[in-house]
Amino acid sequence: MSERRAHPAPKNSGSKGTRKSVWRRALTPPSGPSGAPAPAERPPASESAEPPSIVQAALYRDGVRVSSPATLADTFRELREQPSGMAWIGLARPPESELLSLAEEFDLHPLSVEDAMEAHQRPKLERYGDTLFVVLRAARYLDAPEEVDFGELHVFVGPDFVITVRHGAAPDLSAVRHRMEQTPELLKLGPEAVLYAILDAVVDGYAPVVSGVQNDIDEIETEVFRGDPEVSRRIYELSREMVEFQRATRPLVSMLHALMAGFTKYGTDEELQRYLRDVADHVTHTSERVDGFRQALADILTVNATLVTQEQNAEMRALAEAGFEQNEEIKKISSWAAILFAPTLVGTIYGMNFDHMPELGWRFGYPFAIGLMGIVCVSLYVIFKRRDWL
């Protein structure tokens with residue numbers, strides 16, 4: 001990249017004055033059928049309409065902003081005119097044509113460009129020659145729905161440029177840019193300083209998420225012991241968010257250790273080394289907290305399942321007791337019904353109007369009928385009492 005900046009003028013007729021690596025040739029359209037060079041990939045700035053994906057583009061020299069180009073074409077042109085400058089380009093969900101234009105201008109590797117186009121990448125750090133490609137997963141806590149929203153950020157870091165490609169609302173890089181511009185002594189350290197500032201902003205953005213999740217877990221614990229029927233769904237949804245959070249934070253630990261391992265090889269400034277170590281400490285702490293959240297949610301889910309089972313058992317026990325009491329009442333009613341049925345049966349038999357019934361003319365017929373009723377009733381009462389029906 002330094003060679004391209006050192007020779008802004010064309011080297012020979014028909015060339016753009018920029019070196020083309022094998023990767024740039026891979027992104028360059030083939031020549032026409034006659035062998036003539038293909039038309040330029042992008043028209044001049046006056047003829048092109050830049051998509052609204054450019055959040056902000058700026059050129060810096062010695063830590064101070066010297067220009068704010070409105071289009072990518074202007075940014076490329078002014079950067080060629082200022083060999084000692086640094087470009088910081090911020091994009092949000094850019095179209096494919098815009099990324100290909102950046103890839104051609106800054107010799108970006110096709111694999112990294114493809115990742116930036118497709119998004120949905122895991123956090124990673126890859127080096128292609130003198131260009132670093134970093135994928136970060138930012139997070140923010142939404143208070144109203146009480147959920148975690150994840151964004152994706154792709155960062156290309158070269159000798160004289162930083163390109164950020166944002167997919168999602170987080171993180172807010174305008175605050176990072178403002179903070180860096182307020183500390184020119186740090187910004188003049190170059191693109192590496194911008195990368196560390198972005199890493200610091202992403203990691204600092206995890207702190208409100210950790211605090212919000214901790215509050216959610218405290219509320220869930222209260223709901224579990226209160227017997228809220230919707231708590232199981234909330235535990236499951238928060239557990240899924242913690243899986244995503246873990247995927248965002250855990251790879252950062254190894255990424256930052258890889259950057260720290262290259263301090264000596266790439267001559268990283270001492271101040272930047274301190275910043276990176278601080279960021280690594282915060283990432284490690286956040287990763288440990290997220291691991292603890294997952295374990296806590298698993299334990300809460302187990303406790304909730306136990307409480308639900310106990311509640312179900314208590315309900316079944318109550319139903320069984322109610323059934324037993326109902327059965328006892330039925331026994332009593334059935335017993336008294338049988339006792340009362342005996343005299344009714346005797347009285348019904350002797351109440352029949354037949355002429356030839358031996359007991360009708362018997363002197364002791366009535367006392368006999370009354371005695372028979374009493375004997376049957378007493379016998380049934382004794383039987384039911386012995387069987388605990390009464």
# chains A, B, ... in the order shown; residues from 1 in each chain; ligands from 1
call {"tool": "residues_around", "arguments": {"residues": "Leu153 of chain A", "least_positions_apart": "2", "cutoff": "8 Å", "atoms": "only C-alpha atoms", "output": "list in words"}}
result
Val135, Leu136, Arg137, Ala138, Gly151, Val155, Thr164, Val165, Arg166, His167 and Pro171 of chain A
call {"tool": "write_last_selection", "arguments": {"atoms": "N, CA, C and O atoms", "output": "short mmCIF file (atom, residue, chain, number, x, y, z; two decimals), in the first residue's frame"}}
result
data_model
loop_
_atom_site.label_atom_id
_atom_site.label_comp_id
_atom_site.auth_asym_id
_atom_site.auth_seq_id
_atom_site.Cartn_x
_atom_site.Cartn_y
_atom_site.Cartn_z
N VAL A 135 -13.70 -9.40 12.48
CA VAL A 135 -15.15 -9.51 12.60
C VAL A 135 -15.49 -9.45 14.08
O VAL A 135 -14.94 -10.21 14.88
N LEU A 136 -16.40 -8.55 14.42
CA LEU A 136 -16.82 -8.38 15.82
C LEU A 136 -18.33 -8.48 15.90
O LEU A 136 -19.05 -8.12 14.97
N ARG A 137 -18.82 -8.99 17.03
CA ARG A 137 -20.25 -9.04 17.31
C ARG A 137 -20.53 -8.08 18.46
O ARG A 137 -20.17 -8.34 19.60
N ALA A 138 -21.17 -6.98 18.11
CA ALA A 138 -21.54 -6.00 19.14
C ALA A 138 -22.90 -6.37 19.72
O ALA A 138 -23.67 -7.14 19.12
N GLY A 151 -25.43 -6.92 16.84
CA GLY A 151 -25.02 -6.37 15.56
C GLY A 151 -23.70 -6.99 15.14
O GLY A 151 -23.02 -7.64 15.93
N VAL A 155 -14.16 -4.98 10.11
CA VAL A 155 -13.15 -3.92 10.10
C VAL A 155 -11.98 -4.37 9.24
O VAL A 155 -11.39 -5.43 9.47
N THR A 164 -14.80 0.34 8.09
CA THR A 164 -15.74 -0.38 8.96
C THR A 164 -17.03 -0.63 8.18
O THR A 164 -17.58 0.29 7.56
N VAL A 165 -17.49 -1.86 8.21
CA VAL A 165 -18.73 -2.27 7.56
C VAL A 165 -19.65 -2.77 8.65
O VAL A 165 -19.40 -3.81 9.27
N ARG A 166 -20.73 -2.04 8.88
CA ARG A 166 -21.62 -2.35 10.00
C ARG A 166 -22.89 -3.00 9.50
O ARG A 166 -23.52 -2.54 8.55
N HIS A 167 -23.26 -4.11 10.15
CA HIS A 167 -24.53 -4.79 9.90
C HIS A 167 -25.30 -4.80 11.22
O HIS A 167 -25.03 -5.61 12.10
N PRO A 171 -22.27 -1.36 16.81
CA PRO A 171 -22.09 -0.32 17.82
C PRO A 171 -22.17 1.08 17.20
O PRO A 171 -22.19 1.23 15.98
#
call {"tool": "select_by_dssp", "arguments": {"residues": "segment 127-264 of chain A", "states": "alpha helix (DSSP H)", "output": "PyMOL selection string"}}
result
chain A and resi 173-182+184-187+191-204+206-226+231-261+263-264
call {"tool": "closest_residue", "arguments": {"among": "A:Ala73, A:Val64, A:Ala92, A:Met352", "to": "Pro184 of chain A", "atoms": "only C-alpha atoms"}}
result
A:Val64
call {"tool": "atom_distance", "arguments": {"atom1": "atom CA of Asp216 of chain A", "atom2": "atom CA of Thr249 of chain A"}}
result
19.4 Å
call {"tool": "select_by_dssp", "arguments": {"residues": "segment 128-287 of chain A", "states": "strand (DSSP E)", "output": "ChimeraX atom specification"}}
result
/A:128,131-142,147-157,161-167
call {"tool": "write_last_selection", "arguments": {"atoms": "N, CA, C and O atoms", "output": "CSV table (one decimal), in the first residue's frame"}}
result
chain,number,residue,atom,x,y,z
A,128,TYR,N,-4.3,-10.7,5.9
A,128,TYR,CA,-4.0,-11.0,4.5
A,128,TYR,C,-3.0,-10.0,4.1
A,128,TYR,O,-3.2,-8.8,3.8
A,131,THR,N,-2.9,-6.3,5.5
A,131,THR,CA,-4.2,-5.9,5.9
A,131,THR,C,-4.8,-6.9,6.9
A,131,THR,O,-4.8,-8.1,6.7
A,132,LEU,N,-5.4,-6.3,8.0
A,132,LEU,CA,-6.1,-7.1,9.0
A,132,LEU,C,-7.6,-7.1,8.7
A,132,LEU,O,-8.1,-6.0,8.3
A,133,PHE,N,-8.2,-8.2,8.8
A,133,PHE,CA,-9.7,-8.3,8.7
A,133,PHE,C,-10.2,-8.8,10.0
A,133,PHE,O,-9.9,-9.9,10.5
A,134,VAL,N,-11.1,-8.0,10.6
A,134,VAL,CA,-11.6,-8.3,12.0
A,134,VAL,C,-13.1,-8.4,11.9
A,134,VAL,O,-13.7,-7.4,11.4
A,135,VAL,N,-13.7,-9.4,12.5
A,135,VAL,CA,-15.2,-9.5,12.6
A,135,VAL,C,-15.5,-9.5,14.1
A,135,VAL,O,-14.9,-10.2,14.9
A,136,LEU,N,-16.4,-8.5,14.4
A,136,LEU,CA,-16.8,-8.4,15.8
A,136,LEU,C,-18.3,-8.5,15.9
A,136,LEU,O,-19.0,-8.1,15.0
A,137,ARG,N,-18.8,-9.0,17.0
A,137,ARG,CA,-20.3,-9.0,17.3
A,137,ARG,C,-20.5,-8.1,18.5
A,137,ARG,O,-20.2,-8.3,19.6
A,138,ALA,N,-21.2,-7.0,18.1
A,138,ALA,CA,-21.5,-6.0,19.1
A,138,ALA,C,-22.9,-6.4,19.7
A,138,ALA,O,-23.7,-7.1,19.1
A,139,ALA,N,-23.2,-5.8,20.9
A,139,ALA,CA,-24.5,-6.1,21.6
A,139,ALA,C,-24.9,-4.9,22.3
A,139,ALA,O,-24.1,-4.0,22.7
A,140,ARG,N,-26.3,-4.8,22.4
A,140,ARG,CA,-26.9,-3.7,23.2
A,140,ARG,C,-28.1,-4.3,23.9
A,140,ARG,O,-28.8,-5.2,23.3
A,141,TYR,N,-28.4,-3.7,25.0
A,141,TYR,CA,-29.6,-4.2,25.8
A,141,TYR,C,-30.8,-3.2,25.5
A,141,TYR,O,-30.6,-2.0,25.7
A,142,LEU,N,-31.9,-3.8,25.1
A,142,LEU,CA,-33.1,-3.0,24.9
A,142,LEU,C,-34.0,-3.1,26.1
A,142,LEU,O,-34.4,-4.2,26.5
A,147,GLU,N,-34.6,-7.4,26.1
A,147,GLU,CA,-33.9,-8.4,25.3
A,147,GLU,C,-32.6,-7.8,24.8
A,147,GLU,O,-32.3,-6.6,24.8
A,148,VAL,N,-31.7,-8.7,24.3
A,148,VAL,CA,-30.4,-8.3,23.8
A,148,VAL,C,-30.4,-8.3,22.3
A,148,VAL,O,-30.8,-9.3,21.6
A,149,ASP,N,-30.0,-7.2,21.7
A,149,ASP,CA,-29.9,-7.0,20.2
A,149,ASP,C,-28.4,-7.1,19.8
A,149,ASP,O,-27.6,-6.4,20.4
A,150,PHE,N,-28.1,-7.9,18.8
A,150,PHE,CA,-26.8,-8.2,18.4
A,150,PHE,C,-26.6,-7.5,17.0
A,150,PHE,O,-27.5,-7.6,16.2
A,151,GLY,N,-25.4,-6.9,16.8
A,151,GLY,CA,-25.0,-6.4,15.6
A,151,GLY,C,-23.7,-7.0,15.1
A,151,GLY,O,-23.0,-7.6,15.9
A,152,GLU,N,-23.3,-6.8,13.9
A,152,GLU,CA,-22.1,-7.3,13.4
A,152,GLU,C,-21.3,-6.2,12.7
A,152,GLU,O,-21.8,-5.4,12.0
A,153,LEU,N,-20.0,-6.2,13.0
A,153,LEU,CA,-19.1,-5.2,12.5
A,153,LEU,C,-17.9,-5.9,11.9
A,153,LEU,O,-17.2,-6.7,12.5
A,154,HIS,N,-17.6,-5.4,10.6
A,154,HIS,CA,-16.4,-5.9,9.9
A,154,HIS,C,-15.4,-4.8,9.8
A,154,HIS,O,-15.8,-3.7,9.4
A,155,VAL,N,-14.2,-5.0,10.1
A,155,VAL,CA,-13.1,-3.9,10.1
A,155,VAL,C,-12.0,-4.4,9.2
A,155,VAL,O,-11.4,-5.4,9.5
A,156,PHE,N,-11.6,-3.5,8.2
A,156,PHE,CA,-10.5,-3.7,7.4
A,156,PHE,C,-9.4,-2.7,7.9
A,156,PHE,O,-9.7,-1.5,7.9
A,157,VAL,N,-8.2,-3.2,8.3
A,157,VAL,CA,-7.2,-2.3,8.7
A,157,VAL,C,-6.0,-2.5,7.9
A,157,VAL,O,-5.4,-3.6,7.8
A,161,PHE,N,-5.4,3.0,6.0
A,161,PHE,CA,-6.8,3.1,6.0
A,161,PHE,C,-7.5,2.2,7.0
A,161,PHE,O,-6.9,1.2,7.5
A,162,VAL,N,-8.7,2.6,7.4
A,162,VAL,CA,-9.5,1.8,8.2
A,162,VAL,C,-10.9,1.8,7.6
A,162,VAL,O,-11.5,2.9,7.3
A,163,ILE,N,-11.5,0.7,7.3
A,163,ILE,CA,-12.8,0.6,6.7
A,163,ILE,C,-13.7,-0.2,7.7
A,163,ILE,O,-13.3,-1.4,8.1
A,164,THR,N,-14.8,0.3,8.1
A,164,THR,CA,-15.7,-0.4,9.0
A,164,THR,C,-17.0,-0.6,8.2
A,164,THR,O,-17.6,0.3,7.6
A,165,VAL,N,-17.5,-1.9,8.2
A,165,VAL,CA,-18.7,-2.3,7.6
A,165,VAL,C,-19.7,-2.8,8.7
A,165,VAL,O,-19.4,-3.8,9.3
A,166,ARG,N,-20.7,-2.0,8.9
A,166,ARG,CA,-21.6,-2.3,10.0
A,166,ARG,C,-22.9,-3.0,9.5
A,166,ARG,O,-23.5,-2.5,8.6
A,167,HIS,N,-23.3,-4.1,10.2
A,167,HIS,CA,-24.5,-4.8,9.9
A,167,HIS,C,-25.3,-4.8,11.2
A,167,HIS,O,-25.0,-5.6,12.1
call {"tool": "closest_residue", "arguments": {"among": "A:Phe341, A:Tyr206, A:Trp389, A:Tyr236", "to": "Thr286 of chain A", "atoms": "only C-alpha atoms"}}
result
A:Tyr206
call {"tool": "residues_around", "arguments": {"residues": "Val243 of chain A", "least_positions_apart": "3", "cutoff": "12 Å", "atoms": "only C-alpha atoms", "output": "list in words"}}
result
Val148, Phe150, Tyr236, Glu237, Leu238, Ser239, Arg240, Gln246, Arg247, Ala248, Thr249, Arg250, Ser287, Val290, Asp291, Gly292, Phe293, Arg294, Gln295, Leu297 and Ala298 of chain A
call {"tool": "write_last_selection", "arguments": {"atoms": "N, CA and C atoms", "output": "PDB file, in the first residue's frame"}}
result
ATOM      1  N   VAL A 148     -31.691  -8.722  24.278  1.00  0.00           N
ATOM      2  CA  VAL A 148     -30.375  -8.319  23.790  1.00  0.00           C
ATOM      3  C   VAL A 148     -30.404  -8.304  22.270  1.00  0.00           C
ATOM      4  N   PHE A 150     -28.148  -7.944  18.838  1.00  0.00           N
ATOM      5  CA  PHE A 150     -26.784  -8.151  18.390  1.00  0.00           C
ATOM      6  C   PHE A 150     -26.576  -7.528  17.017  1.00  0.00           C
ATOM      7  N   TYR A 236     -36.060 -19.699  28.785  1.00  0.00           N
ATOM      8  CA  TYR A 236     -35.586 -20.273  27.526  1.00  0.00           C
ATOM      9  C   TYR A 236     -35.101 -19.176  26.576  1.00  0.00           C
ATOM     10  N   GLU A 237     -35.863 -18.086  26.450  1.00  0.00           N
ATOM     11  CA  GLU A 237     -35.472 -17.006  25.542  1.00  0.00           C
ATOM     12  C   GLU A 237     -34.164 -16.354  26.002  1.00  0.00           C
ATOM     13  N   LEU A 238     -34.028 -16.128  27.298  1.00  0.00           N
ATOM     14  CA  LEU A 238     -32.796 -15.522  27.804  1.00  0.00           C
ATOM     15  C   LEU A 238     -31.617 -16.479  27.646  1.00  0.00           C
ATOM     16  N   SER A 239     -31.853 -17.767  27.773  1.00  0.00           N
ATOM     17  CA  SER A 239     -30.782 -18.747  27.570  1.00  0.00           C
ATOM     18  C   SER A 239     -30.287 -18.716  26.129  1.00  0.00           C
ATOM     19  N   ARG A 240     -31.197 -18.573  25.180  1.00  0.00           N
ATOM     20  CA  ARG A 240     -30.791 -18.466  23.780  1.00  0.00           C
ATOM     21  C   ARG A 240     -29.967 -17.210  23.538  1.00  0.00           C
ATOM     22  N   GLN A 246     -22.403 -15.560  24.272  1.00  0.00           N
ATOM     23  CA  GLN A 246     -21.187 -16.349  24.471  1.00  0.00           C
ATOM     24  C   GLN A 246     -20.417 -16.499  23.162  1.00  0.00           C
ATOM     25  N   ARG A 247     -21.140 -16.691  22.059  1.00  0.00           N
ATOM     26  CA  ARG A 247     -20.484 -16.781  20.754  1.00  0.00           C
ATOM     27  C   ARG A 247     -19.827 -15.473  20.352  1.00  0.00           C
ATOM     28  N   ALA A 248     -20.354 -14.356  20.878  1.00  0.00           N
ATOM     29  CA  ALA A 248     -19.778 -13.053  20.550  1.00  0.00           C
ATOM     30  C   ALA A 248     -18.542 -12.745  21.386  1.00  0.00           C
ATOM     31  N   THR A 249     -18.506 -13.201  22.628  1.00  0.00           N
ATOM     32  CA  THR A 249     -17.420 -12.810  23.531  1.00  0.00           C
ATOM     33  C   THR A 249     -16.290 -13.826  23.615  1.00  0.00           C
ATOM     34  N   ARG A 250     -16.615 -15.104  23.565  1.00  0.00           N
ATOM     35  CA  ARG A 250     -15.571 -16.112  23.781  1.00  0.00           C
ATOM     36  C   ARG A 250     -14.459 -16.039  22.739  1.00  0.00           C
ATOM     37  N   SER A 287     -16.608 -12.505  29.430  1.00  0.00           N
ATOM     38  CA  SER A 287     -16.803 -13.899  29.035  1.00  0.00           C
ATOM     39  C   SER A 287     -17.101 -14.777  30.238  1.00  0.00           C
ATOM     40  N   VAL A 290     -20.680 -14.155  31.332  1.00  0.00           N
ATOM     41  CA  VAL A 290     -21.648 -14.803  30.440  1.00  0.00           C
ATOM     42  C   VAL A 290     -21.707 -16.302  30.727  1.00  0.00           C
ATOM     43  N   ASP A 291     -20.546 -16.918  30.944  1.00  0.00           N
ATOM     44  CA  ASP A 291     -20.544 -18.342  31.311  1.00  0.00           C
ATOM     45  C   ASP A 291     -21.332 -18.557  32.609  1.00  0.00           C
ATOM     46  N   GLY A 292     -21.144 -17.631  33.556  1.00  0.00           N
ATOM     47  CA  GLY A 292     -21.885 -17.745  34.805  1.00  0.00           C
ATOM     48  C   GLY A 292     -23.384 -17.576  34.604  1.00  0.00           C
ATOM     49  N   PHE A 293     -23.778 -16.678  33.686  1.00  0.00           N
ATOM     50  CA  PHE A 293     -25.195 -16.484  33.400  1.00  0.00           C
ATOM     51  C   PHE A 293     -25.811 -17.767  32.829  1.00  0.00           C
ATOM     52  N   ARG A 294     -25.105 -18.408  31.916  1.00  0.00           N
ATOM     53  CA  ARG A 294     -25.642 -19.642  31.321  1.00  0.00           C
ATOM     54  C   ARG A 294     -25.831 -20.717  32.384  1.00  0.00           C
ATOM     55  N   GLN A 295     -24.844 -20.835  33.283  1.00  0.00           N
ATOM     56  CA  GLN A 295     -24.960 -21.844  34.334  1.00  0.00           C
ATOM     57  C   GLN A 295     -26.091 -21.484  35.288  1.00  0.00           C
ATOM     58  N   LEU A 297     -28.804 -19.759  34.612  1.00  0.00           N
ATOM     59  CA  LEU A 297     -30.085 -20.004  33.953  1.00  0.00           C
ATOM     60  C   LEU A 297     -30.396 -21.504  33.907  1.00  0.00           C
ATOM     61  N   ALA A 298     -29.359 -22.318  33.692  1.00  0.00           N
ATOM     62  CA  ALA A 298     -29.580 -23.764  33.712  1.00  0.00           C
ATOM     63  C   ALA A 298     -30.041 -24.222  35.099  1.00  0.00           C
TER      64      ALA A 298
END
call {"tool": "residues_around", "arguments": {"residues": "Ile349 of chain A", "least_positions_apart": "6", "cutoff": "12 Å", "atoms": "only C-alpha atoms", "output": "PyMOL selection string"}}
result
chain A and resi 342-343+357+359-360+369+373
call {"tool": "closest_residue", "arguments": {"among": "A:Glu146, A:Asp130, A:Glu192, A:Asp62", "to": "Tyr275 of chain A", "atoms": "only C-alpha atoms"}}
result
A:Glu192
call {"tool": "closest_residue", "arguments": {"among": "A:Trp336, A:Phe245, A:Phe225, A:Phe364", "to": "Leu380 of chain A", "atoms": "only C-alpha atoms"}}
result
A:Trp336
call {"tool": "closest_residue", "arguments": {"among": "A:Gln273, A:Arg177, A:Gly227, A:Arg80", "to": "Thr309 of chain A", "atoms": "only C-alpha atoms"}}
result
A:Gly227
call {"tool": "closest_residue", "arguments": {"among": "A:Gly63, A:Leu272, A:Val203, A:Phe368", "to": "Gln182 of chain A", "atoms": "only C-alpha atoms"}}
result
A:Gly63
call {"tool": "atom_distance", "arguments": {"atom1": "atom CA of Gly365 of chain A", "atom2": "atom CA of Gly351 of chain A"}}
result
12.2 Å
call {"tool": "residues_around", "arguments": {"residues": "segment 218-223 of chain A", "least_positions_apart": "5", "cutoff": "8 Å", "atoms": "only C-alpha atoms", "output": "compact mmCIF listing (two decimals) with all heavy atoms, in the first residue's frame"}}
result
# COMPACT_ATOMS: atom_id res chain seq x y z
N ASP A 228 -44.88 -17.99 38.64
CA ASP A 228 -45.37 -17.39 37.40
C ASP A 228 -45.38 -18.43 36.29
O ASP A 228 -44.34 -19.04 35.99
CB ASP A 228 -44.48 -16.21 37.00
CG ASP A 228 -45.10 -15.36 35.89
OD1 ASP A 228 -45.83 -15.93 35.06
OD2 ASP A 228 -44.85 -14.15 35.86
N VAL A 231 -42.74 -17.98 33.26
CA VAL A 231 -41.32 -17.84 33.53
C VAL A 231 -40.49 -18.83 32.72
O VAL A 231 -39.34 -18.53 32.35
CB VAL A 231 -41.04 -17.99 35.05
CG1 VAL A 231 -41.26 -19.44 35.50
CG2 VAL A 231 -39.63 -17.52 35.38
N ARG A 234 -39.56 -17.31 29.45
CA ARG A 234 -38.57 -16.25 29.60
C ARG A 234 -37.18 -16.82 29.86
O ARG A 234 -36.17 -16.31 29.34
CB ARG A 234 -38.99 -15.33 30.74
CG ARG A 234 -38.15 -14.06 30.83
CD ARG A 234 -38.65 -13.12 31.89
NE ARG A 234 -37.84 -11.91 31.93
CZ ARG A 234 -37.94 -10.96 32.85
NH1 ARG A 234 -38.86 -11.08 33.81
NH2 ARG A 234 -37.17 -9.89 32.83
N ILE A 235 -37.10 -17.89 30.65
CA ILE A 235 -35.81 -18.53 30.90
C ILE A 235 -35.23 -19.06 29.59
O ILE A 235 -34.03 -18.88 29.30
CB ILE A 235 -35.96 -19.67 31.92
CG1 ILE A 235 -36.36 -19.11 33.28
CG2 ILE A 235 -34.66 -20.46 32.05
CD1 ILE A 235 -36.69 -20.18 34.31
N ILE A 300 -31.56 -22.33 37.36
CA ILE A 300 -32.91 -21.80 37.59
C ILE A 300 -33.95 -22.64 36.88
O ILE A 300 -35.03 -22.91 37.41
CB ILE A 300 -32.98 -20.33 37.12
CG1 ILE A 300 -32.12 -19.45 38.04
CG2 ILE A 300 -34.42 -19.84 37.12
CD1 ILE A 300 -32.01 -18.02 37.56
